[in-house]
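Asks: I am attaching a structure below and will ask some questions about it afterwards.
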Amino acid sequence: MVNTQSEAIRSTEAVARAAERADESALIRKAQQGNQEAFEQLVRNYDQSVLRLALNLLRSPEDARDVYQEAFLRVYKNLHTFRFDCSFNTWLYRIVSNLCLDQLRKRKVRKEESPSISTHDGEMDRFEFIAEERAGVDPQRSLMSSELQAKISEVLGSLTTRERIVFEMRHYQGMRLRAIGESLGTTEEAAKNCLFRATQKMRSALGAYV
Amino acid sequence: MNCETVQENLSLYLYGELNFHDEEQFDTHLAECDFCSEALDRERTWHAAALSKSADVPLDLLSSCRQELSRNLDSLQPPQPSRWEQFLETLDIRPSRWSTQLAAASLFLCVGFYSARLLNHQPLGSPADGYSSASDMSLLSPGQSNPVRFIRPVAGGDPDQVEIGVDEIKPHCFLFHRDDPTLQRWASVAATEADDASVRLESVELLSGKPCAAGKGALMASLRDANFSVRQRALGALEACAHDPAVQSAVVQLLQTDRNPTLRMEAIEFFVPLNGPITVRRQFAGALQGVVERESDGHVRSKCLHVLGEIKASPVTY
């Protein structure tokens, strides 16, 4: 019974996704023909997700801003080469994830920057700093124990780059494993293994806190 | 599904990444196992906690990113598709990655093929005498992909040698002694598959005498050749194995079906050698009686009756 309901929900979602894809394809074709408004609409459809992914991965507003600019400029320059071989979402995230990986590699070369930054109130986690810039604060978040929050940050920081990026794409961006695999130029199975390892680490580290 | 498997895959279950079968087994197990249900609740809790840790996009950062992008775009010329892409666009053709690769592969193949034909006229092997070496030919296999272009005696050369011209990517010419088994193999194929009737005729000639098994098969097949001369030469070449039942069967079939009365007459003479006993077996008497009933040519009919008399068979069927 549960499965029948979930299958019905999935098929309804599939129909909705198909309609969205058709609209999006029309938008992309217009943008490919040089329609500036269509391109801006495409940017608005995706730019929050792109910025969020870059922020979550890089933990730096400056680097996230650079990735945002570079990603959409590349999309603009190369949109005419997009042949609908994959979804636009996958194509875009391939660009963004490559840029983020490049940034993380550069950081390794110039040594990992400190996870904390100096403020008037003393040393502060970069991630906390980003969060404080938000207009509003999620009430659920305020209920979370600071200990658990710190632990989550610690575990996320301990994941390998690949585990981290797959976890970000699946957990925060809601991307399917197949699309993640395509975005990262690997197989769905490899993405699944990465996610499996990431969630194992999260579970064993956070098990005592939940 | 046991508890260990369930607890290892709790996240994949929550992400909806299990297949239908596994998800069903998961649900069944969770409905019966309190321990795993509690583990699922804990998994949900840390999922939610991690989700709340996600950086919400600061609106001022998003706004400044958009403004900066707008400025950057203004300074760029709109990307123009290439002339080729515009041409495809007008034809409403949208090449996929695969079609592009296929087109490129075809282009390279054509360029390679015509370059080989145009630029290299020298045969492989021994360019000094103009022949490819026999070892080169051993690398080729006779058939449609390597058609025989000609088979001919060597002009002003050894009468026991013949030339075979083979079209591979470029023409090859091979020199063989008449007794060479490889020659018989190529001639067997050329006798039935060569487009040129003269090549088929020369091949049949080469197979006469003591044909190998493949050669005998090719000669029997040549009895059905579209060209009269090829059929006639094949019939003559098969005289060396006139006692073979398979050959006799093929000749009887020729007698029954061939349009040309001269060839039908020669088919009967095949069984009646000038200086020897009649070779046709009694098992073909029925077929010969059928020929007598249908035969319109008087000479063929009377010859056929003679053969039936010699093998002590009735001239007609009752």
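In the structure tokens, chains take the letters A, B, ... in the order shown, each chain's residues start at 1, and ligands count up from 1 in the order shown.
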Hey, what's within 10 Å of Arg259 in chain B if we count only C-alpha atoms and toss same-chain stuff fewer than 5 positions away? As a ChimeraX atom specification, please?

Replies: /B:228,254,264

Asks: Those same residues - C-alpha atoms - I'd like them written as an mmCIF file, in the first residue's frame.

Replies:
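So selection-v8.cif came out as:
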```cif
data_model
loop_
_atom_site.group_PDB
_atom_site.id
_atom_site.type_symbol
_atom_site.label_atom_id
_atom_site.label_comp_id
_atom_site.auth_asym_id
_atom_site.auth_seq_id
_atom_site.Cartn_x
_atom_site.Cartn_y
_atom_site.Cartn_z
ATOM 1 C CA PHE B 228 26.511 -20.147 -71.507
ATOM 2 C CA LEU B 254 21.391 -29.150 -65.813
ATOM 3 C CA ARG B 264 21.425 -30.289 -72.753
#
```

Asks: Do you have the CA of Phe196 in chain A-CA of Gly157 in chain A distance handy?

Replies: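 So the two atoms, CA of Phe196 in chain A and CA of Gly157 in chain A, lie 16.6 Å apart.
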
Asks: Of the candidates B:Ala250, B:Val6, B:Asp22, B:Pro58, which one gets nearest to chain A if we count only C-alpha atoms?

Replies: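 Of B:Ala250, B:Val6, B:Asp22, B:Pro58, the one nearest chain A, counting only C-alpha atoms, is B:Pro58.
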
Asks: Considering only C-alpha atoms, can you say which of B:Ala226, B:Leu40, B:Met1, B:Ala50 comes closest to chain A?

Replies: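 So, comparing all the options, the nearest one is B:Ala50.
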
Asks: Using DSSP on the backbone coordinates, identify all residues within range 9-101 of chain A classified as alpha helix (DSSP H); present the result as a PyMOL selection string.

Replies: chain A and resi 9-32+36-58+61-78+88-101

Asks: At what distance in Å, to one decimal, does CA of Cys194 in chain A lie from CA of Glu163 in chain A?

Replies: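 Interatomic distance, CA of Glu163 in chain A to CA of Cys194 in chain A: 5.1 Å.
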
Asks: For Gln253 in chain B, find every residue with an atom within 10 Å (counting only C-alpha atoms), except residues of its own chain fewer than 3 positions away, and show them as a PyMOL selection string.

Replies: chain B and resi 223-224+247-250+256-258+264+267+287-288+291

Asks: Write out as a list in words the residues lying within 6 Å of range 158-167 of chain B, counting only C-alpha atoms and excluding same-chain residues fewer than 4 positions away.

Replies: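 So, after excluding close chain neighbours, the residues are Asn146, Pro147, Val148, Arg149, Phe150, Ile151, Arg152, Pro153, Val154, Pro171, His172, Cys173, Phe174, Leu175, Phe176, His177 and Arg178 of chain B.
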
Asks: List as a VMD selection string the protein and nucleic acid residues near Thr28 in chain B, meaning an atom at most 12 Å away when only C-alpha atoms are counted, but skip any in the same chain fewer than 4 places from it.

Replies: (chain A and resid 1 to 3) or (chain B and resid 1 to 3 6 21 to 24 32 to 34 36 to 37)
